[in-house]
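Notes for the one structure printed next.
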Amino acid sequence: MNGLVSIITPAYNAERFITETLDSVLSQTYPHWELLVIDDGSKDSTPEILKRYADKDSRIIPIRQENAGSSAARNNGIRQAKGRYIVLLDADDLWEPAFLEKQLKFMEEKNALLVYSSFKRINERGNEILRPFICRPQVTYKQMLITNHIQCMTGVYDTSKYGKIYLREELKSLRDDYAYWVDIMKNTGIAYGNPEVLASYRIFTQSTTGKKSKLIRIQYQFYRKHLGLGILRSLFNTAYWGIAGLFKFYDSKRLFGKH
């Protein structure tokens with residue numbers, strides 16, 4: 001369908017936040033969407049929540065699978081997606097009501113196949129922490145090889161020219177979204193950033209993404225093995241990523257006492 005947006009949401013034991021995420025999709029001013037929520041073998045009340053929402057709105061489509069990780073869940077959703085546009089939305093992140101409307105308009109203005117946006121950062125309680133992250137106005141493929149400039153829930157990909165792109169399941173849900181944007185940009189060459197703050201990214205105090213010092217080896221291996229960069233380039237990129245992460249961590253610790 002030409003104007004249909006397929007929203008792909010993996011969910012594993014997501015009962016704590018998924019109702020907020022679903023409500024943020026239901027509040028969209030752009031109505032032509034389908035939400036494929038892939039329940040990745042949840043053991044909590046996630047299936048019941050999804051059924052309740054699906055009964056109210058047929059655009060919400062629950063898909064149940066055995067636990068296989070977020071990459072496999074996202075790919076399951078992408079395979080079944082019917083829309084021209086693909087968006088990845090995690091089960092604890094949120095959109096502003098005009099997210100889809102403004103991103104599709106921005107995509108049309110830029111004549112782009114891939115766009116992203118600025119976003120807020122919120123904690124487990126939904127309170128905003130730090131200042132909003134204002135994205136770069138554009139990013140090239142070469143720049144994406146250094147570090148990821150696209151926050152997952154803000155990216156919108158138009159499949160009309162290059163077709164569907166799938167996540168690399170061999171990454172085991174670590175850096176899989178980064179690899180996804182890189183694989184798309186091998187084709188598009190460039191992506192454009194909407195400066196408007198259109199989404200909220202939830203940061204957890206005990207999350208893996210919050211412990212960047214322990215992920216240096218994983219990051220290096222990602223550059224070296226999965227992007228195929230040379231040793232020196234991989235070391236440089238890892239150092240760049242680590243320094244940028246330390247600045248973010250220091251800022252949040254200084255301002256709020258936690259990350």
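Residues in the structure tokens are named by chain (A, B, ... in the order shown) and by number from 1 within that chain; ligands are numbered from 1 in the order shown.
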
I'd like the neighbourhood of A:Ala179 as a PyMOL selection string, where a residue qualifies if any of its atoms comes within 12 Å (using only C-alpha atoms), though same-chain residues fewer than 6 positions away should be ignored.
chain A and resi 71+141+144-150+152+165-173+185-186+219+222-223+225-228

Would you write out those residues with N, CA, C and O atoms, as an mmCIF file, in the first residue's frame?
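Everything below was put into again-v7.cif:
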data_model
loop_
_atom_site.group_PDB
_atom_site.id
_atom_site.type_symbol
_atom_site.label_atom_id
_atom_site.label_comp_id
_atom_site.auth_asym_id
_atom_site.auth_seq_id
_atom_site.Cartn_x
_atom_site.Cartn_y
_atom_site.Cartn_z
ATOM 1 N N SER A 71 16.288 -9.095 17.152
ATOM 2 C CA SER A 71 16.582 -9.079 15.714
ATOM 3 C C SER A 71 15.654 -10.013 14.952
ATOM 4 O O SER A 71 15.073 -9.643 13.924
ATOM 5 N N TYR A 141 26.824 7.830 4.415
ATOM 6 C CA TYR A 141 27.214 6.448 4.685
ATOM 7 C C TYR A 141 28.564 6.386 5.382
ATOM 8 O O TYR A 141 28.742 5.657 6.357
ATOM 9 N N MET A 144 28.279 7.250 8.962
ATOM 10 C CA MET A 144 27.627 6.184 9.733
ATOM 11 C C MET A 144 28.587 5.052 10.063
ATOM 12 O O MET A 144 28.364 4.297 11.016
ATOM 13 N N LEU A 145 29.654 4.896 9.286
ATOM 14 C CA LEU A 145 30.633 3.857 9.588
ATOM 15 C C LEU A 145 31.432 4.189 10.844
ATOM 16 O O LEU A 145 32.043 3.301 11.448
ATOM 17 N N ILE A 146 31.451 5.471 11.247
ATOM 18 C CA ILE A 146 32.194 5.881 12.439
ATOM 19 C C ILE A 146 31.363 5.667 13.695
ATOM 20 O O ILE A 146 31.819 5.078 14.675
ATOM 21 N N THR A 147 30.124 6.121 13.666
ATOM 22 C CA THR A 147 29.227 5.922 14.815
ATOM 23 C C THR A 147 27.789 6.039 14.338
ATOM 24 O O THR A 147 27.504 6.609 13.277
ATOM 25 N N ASN A 148 26.867 5.496 15.115
ATOM 26 C CA ASN A 148 25.452 5.500 14.738
ATOM 27 C C ASN A 148 24.819 6.859 15.047
ATOM 28 O O ASN A 148 24.822 7.297 16.195
ATOM 29 N N HIS A 149 24.272 7.500 14.045
ATOM 30 C CA HIS A 149 23.645 8.806 14.219
ATOM 31 C C HIS A 149 22.115 8.732 14.229
ATOM 32 O O HIS A 149 21.465 9.759 14.343
ATOM 33 N N ILE A 150 21.558 7.528 14.099
ATOM 34 C CA ILE A 150 20.104 7.386 13.991
ATOM 35 C C ILE A 150 19.567 6.640 15.197
ATOM 36 O O ILE A 150 19.860 5.445 15.389
ATOM 37 N N CYS A 152 16.912 4.563 17.043
ATOM 38 C CA CYS A 152 16.102 3.554 16.371
ATOM 39 C C CYS A 152 14.653 3.987 16.135
ATOM 40 O O CYS A 152 14.131 3.885 15.031
ATOM 41 N N ILE A 165 14.827 -4.281 3.866
ATOM 42 C CA ILE A 165 16.141 -4.607 4.411
ATOM 43 C C ILE A 165 15.911 -5.288 5.763
ATOM 44 O O ILE A 165 15.057 -4.861 6.546
ATOM 45 N N TYR A 166 16.688 -6.315 6.035
ATOM 46 C CA TYR A 166 16.497 -7.092 7.263
ATOM 47 C C TYR A 166 17.677 -6.911 8.217
ATOM 48 O O TYR A 166 18.790 -6.566 7.799
ATOM 49 N N LEU A 167 17.411 -7.139 9.486
ATOM 50 C CA LEU A 167 18.453 -7.024 10.495
ATOM 51 C C LEU A 167 19.338 -8.266 10.500
ATOM 52 O O LEU A 167 18.912 -9.342 10.095
ATOM 53 N N ARG A 168 20.560 -8.092 10.968
ATOM 54 C CA ARG A 168 21.516 -9.192 11.010
ATOM 55 C C ARG A 168 21.337 -9.962 12.320
ATOM 56 O O ARG A 168 21.788 -9.523 13.381
ATOM 57 N N GLU A 169 20.699 -11.104 12.231
ATOM 58 C CA GLU A 169 20.385 -11.877 13.434
ATOM 59 C C GLU A 169 21.634 -12.449 14.102
ATOM 60 O O GLU A 169 21.616 -12.751 15.294
ATOM 61 N N GLU A 170 22.721 -12.572 13.347
ATOM 62 C CA GLU A 170 23.952 -13.102 13.939
ATOM 63 C C GLU A 170 24.545 -12.164 14.980
ATOM 64 O O GLU A 170 25.398 -12.565 15.781
ATOM 65 N N LEU A 171 24.105 -10.906 15.003
ATOM 66 C CA LEU A 171 24.591 -9.959 16.004
ATOM 67 C C LEU A 171 23.956 -10.180 17.373
ATOM 68 O O LEU A 171 24.360 -9.555 18.360
ATOM 69 N N LYS A 172 22.939 -11.051 17.433
ATOM 70 C CA LYS A 172 22.309 -11.406 18.706
ATOM 71 C C LYS A 172 21.776 -10.171 19.440
ATOM 72 O O LYS A 172 21.970 -10.007 20.655
ATOM 73 N N SER A 173 21.139 -9.282 18.699
ATOM 74 C CA SER A 173 20.482 -8.105 19.268
ATOM 75 C C SER A 173 21.450 -7.085 19.859
ATOM 76 O O SER A 173 21.043 -6.208 20.615
ATOM 77 N N MET A 185 21.849 2.416 4.268
ATOM 78 C CA MET A 185 22.581 3.544 3.710
ATOM 79 C C MET A 185 23.643 3.128 2.699
ATOM 80 O O MET A 185 24.162 3.968 1.961
ATOM 81 N N LYS A 186 23.963 1.849 2.632
ATOM 82 C CA LYS A 186 24.785 1.371 1.522
ATOM 83 C C LYS A 186 24.085 1.668 0.200
ATOM 84 O O LYS A 186 24.729 1.898 -0.824
ATOM 85 N N GLN A 219 32.029 -3.338 20.563
ATOM 86 C CA GLN A 219 32.003 -2.284 19.556
ATOM 87 C C GLN A 219 33.130 -2.475 18.539
ATOM 88 O O GLN A 219 32.919 -2.337 17.330
ATOM 89 N N PHE A 222 32.355 -5.233 16.215
ATOM 90 C CA PHE A 222 31.326 -4.829 15.250
ATOM 91 C C PHE A 222 31.971 -4.129 14.054
ATOM 92 O O PHE A 222 31.678 -4.439 12.898
ATOM 93 N N TYR A 223 32.854 -3.178 14.341
ATOM 94 C CA TYR A 223 33.541 -2.478 13.251
ATOM 95 C C TYR A 223 34.393 -3.444 12.425
ATOM 96 O O TYR A 223 34.387 -3.394 11.190
ATOM 97 N N LYS A 225 34.500 -7.013 12.316
ATOM 98 C CA LYS A 225 33.941 -8.215 11.704
ATOM 99 C C LYS A 225 32.714 -7.935 10.854
ATOM 100 O O LYS A 225 32.558 -8.495 9.766
ATOM 101 N N HIS A 226 31.819 -7.079 11.346
ATOM 102 C CA HIS A 226 30.541 -6.913 10.657
ATOM 103 C C HIS A 226 30.544 -5.773 9.645
ATOM 104 O O HIS A 226 29.833 -5.834 8.642
ATOM 105 N N LEU A 227 31.352 -4.733 9.890
ATOM 106 C CA LEU A 227 31.485 -3.683 8.886
ATOM 107 C C LEU A 227 32.694 -3.906 7.993
ATOM 108 O O LEU A 227 32.845 -3.232 6.973
ATOM 109 N N GLY A 228 33.571 -4.831 8.399
ATOM 110 C CA GLY A 228 34.707 -5.184 7.563
ATOM 111 C C GLY A 228 35.769 -4.103 7.472
ATOM 112 O O GLY A 228 36.508 -4.030 6.486
#

So that I can check the secondary structure, give me every residue of stretch 127-226 of chain A assigned helix (DSSP H, G or I) by backbone DSSP, as number ranges by chain.
A: 141-144, 152-154, 169-171, 176-188, 208-210, 212-226

Members of stretch 5-204 of chain A assigned strand (DSSP E or B) by DSSP, as a PyMOL selection string
chain A and resi 5-11+33-40+60-65+85-88+94-95+114-122+128+133+138-140+156-158+190-202

Hey, which of A:Phe106, A:Trp33, A:Ala11, A:Asp44 ends up closest to A:Pro62? Count only C-alpha atoms.
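The shortest atom-to-atom distance to A:Pro62 comes from A:Ala11.
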
Residues near stretch 14-24 of chain A, cut-off 7 Å, only C-alpha atoms, skip fewer than 4 positions along chain, as an MDAnalysis selection string:
chainID A and resid 28 44:46 91:97

With only C-alpha atoms as the basis for distance, which of A:Tyr201, A:Tyr85, A:Trp181, A:Tyr162 is at the shortest distance from A:Phe133?
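Closest residue, counting only C-alpha atoms: A:Tyr201.
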
Tell me, as an MDAnalysis selection string, which residues lie within 10 Å of A:Thr188, counting only C-alpha atoms; anything in the same chain fewer than 3 positions away does not count.
chainID A and resid 112:114 140:141 157 161:162 182:185 191

Write the residues you've just listed into a file as a short mmCIF file (atom, residue, chain, number, x, y, z; two decimals), in the first residue's frame, and include all heavy atoms for each of them.
data_model
loop_
_atom_site.label_atom_id
_atom_site.label_comp_id
_atom_site.auth_asym_id
_atom_site.auth_seq_id
_atom_site.Cartn_x
_atom_site.Cartn_y
_atom_site.Cartn_z
N ALA A 112 13.73 12.04 0.16
CA ALA A 112 14.63 11.11 0.82
C ALA A 112 14.00 9.74 0.97
O ALA A 112 12.77 9.59 1.00
CB ALA A 112 15.02 11.64 2.20
N LEU A 113 14.85 8.73 1.11
CA LEU A 113 14.41 7.37 1.37
C LEU A 113 14.59 6.98 2.83
O LEU A 113 14.04 5.98 3.29
CB LEU A 113 15.17 6.38 0.48
CG LEU A 113 14.92 6.51 -1.02
CD1 LEU A 113 15.87 5.61 -1.80
CD2 LEU A 113 13.48 6.18 -1.36
N LEU A 114 15.38 7.76 3.57
CA LEU A 114 15.61 7.48 4.99
C LEU A 114 15.72 8.79 5.75
O LEU A 114 16.52 9.66 5.39
CB LEU A 114 16.90 6.67 5.16
CG LEU A 114 17.31 6.32 6.60
CD1 LEU A 114 16.25 5.47 7.29
CD2 LEU A 114 18.66 5.60 6.63
N THR A 140 25.99 10.92 6.13
CA THR A 140 26.36 10.11 4.98
C THR A 140 26.71 8.70 5.41
O THR A 140 26.91 8.41 6.59
CB THR A 140 27.56 10.73 4.25
OG1 THR A 140 28.71 10.67 5.12
CG2 THR A 140 27.28 12.17 3.84
N TYR A 141 26.82 7.83 4.41
CA TYR A 141 27.21 6.45 4.69
C TYR A 141 28.56 6.39 5.38
O TYR A 141 28.74 5.66 6.36
CB TYR A 141 27.23 5.66 3.37
CG TYR A 141 27.80 4.27 3.50
CD1 TYR A 141 27.11 3.28 4.20
CD2 TYR A 141 29.02 3.94 2.92
CE1 TYR A 141 27.63 1.99 4.32
CE2 TYR A 141 29.55 2.66 3.03
CZ TYR A 141 28.85 1.70 3.73
OH TYR A 141 29.36 0.42 3.85
N TYR A 157 12.07 4.41 6.94
CA TYR A 157 12.69 3.95 5.70
C TYR A 157 11.61 3.70 4.64
O TYR A 157 10.64 2.98 4.89
CB TYR A 157 13.48 2.66 5.95
CG TYR A 157 13.94 1.95 4.70
CD1 TYR A 157 14.68 2.62 3.72
CD2 TYR A 157 13.64 0.60 4.49
CE1 TYR A 157 15.09 1.97 2.57
CE2 TYR A 157 14.07 -0.06 3.35
CZ TYR A 157 14.79 0.63 2.39
OH TYR A 157 15.19 -0.02 1.24
N LYS A 161 12.21 1.94 -3.45
CA LYS A 161 13.29 1.83 -4.43
C LYS A 161 14.14 0.58 -4.22
O LYS A 161 14.45 -0.14 -5.19
CB LYS A 161 14.17 3.07 -4.39
CG LYS A 161 15.23 3.09 -5.49
CD LYS A 161 15.97 4.42 -5.55
CE LYS A 161 16.98 4.43 -6.69
NZ LYS A 161 17.70 5.73 -6.80
N TYR A 162 14.53 0.30 -3.00
CA TYR A 162 15.47 -0.79 -2.74
C TYR A 162 14.85 -2.00 -2.04
O TYR A 162 15.53 -2.99 -1.79
CB TYR A 162 16.65 -0.28 -1.90
CG TYR A 162 17.47 0.78 -2.62
CD1 TYR A 162 17.44 2.11 -2.21
CD2 TYR A 162 18.26 0.44 -3.71
CE1 TYR A 162 18.18 3.09 -2.87
CE2 TYR A 162 19.00 1.41 -4.38
CZ TYR A 162 18.96 2.72 -3.96
OH TYR A 162 19.69 3.68 -4.63
N VAL A 182 23.10 1.06 8.63
CA VAL A 182 24.26 1.03 7.74
C VAL A 182 23.92 0.28 6.45
O VAL A 182 24.26 0.73 5.34
CB VAL A 182 25.47 0.39 8.43
CG1 VAL A 182 26.59 0.09 7.43
CG2 VAL A 182 26.01 1.29 9.54
N ASP A 183 23.24 -0.85 6.58
CA ASP A 183 22.88 -1.63 5.39
C ASP A 183 21.93 -0.86 4.48
O ASP A 183 22.02 -0.95 3.25
CB ASP A 183 22.26 -2.97 5.81
CG ASP A 183 23.29 -3.94 6.38
OD1 ASP A 183 24.50 -3.72 6.15
OD2 ASP A 183 22.89 -4.90 7.06
N ILE A 184 21.00 -0.12 5.07
CA ILE A 184 20.11 0.72 4.26
C ILE A 184 20.90 1.80 3.54
O ILE A 184 20.71 2.07 2.35
CB ILE A 184 19.01 1.35 5.14
CG1 ILE A 184 18.02 0.28 5.61
CG2 ILE A 184 18.25 2.44 4.36
CD1 ILE A 184 16.99 0.77 6.61
N MET A 185 21.85 2.42 4.27
CA MET A 185 22.58 3.54 3.71
C MET A 185 23.64 3.13 2.70
O MET A 185 24.16 3.97 1.96
CB MET A 185 23.17 4.39 4.83
CG MET A 185 22.10 5.15 5.60
SD MET A 185 22.76 6.26 6.84
CE MET A 185 23.60 7.45 5.80
N ALA A 191 21.11 10.09 4.72
CA ALA A 191 19.85 10.17 5.45
C ALA A 191 19.73 11.59 5.99
O ALA A 191 20.74 12.26 6.22
CB ALA A 191 19.81 9.16 6.59
#

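Coordinates place atom CA of A:Ile60 at a distance of 12.1 Å from atom CA of A:Gly77.
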
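Of the listed residues (A:Ile129, A:Ile38, A:Leu88, A:Ala81), A:Ile129 comes nearest to A:Ile203; the distances count only C-alpha atoms.
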
As an exercise, work out the distance from atom CA of A:Tyr116 to atom CA of A:Gln151 in Å and give it to one decimal place.
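Taking atom CA of A:Tyr116 and atom CA of A:Gln151, their separation equals 7.4 Å.
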
One decimal, in Å: what's the spacing between atom CA of A:Arg84 and atom CA of A:Lys164?
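Taking atom CA of A:Arg84 and atom CA of A:Lys164, their separation equals 9.1 Å.
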
So which one's closest to A:Val115, A:Phe99, A:Asp90, A:Arg131, A:Gly193? Using only C-alpha atoms, please.
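The shortest atom-to-atom distance to A:Val115 comes from A:Gly193.
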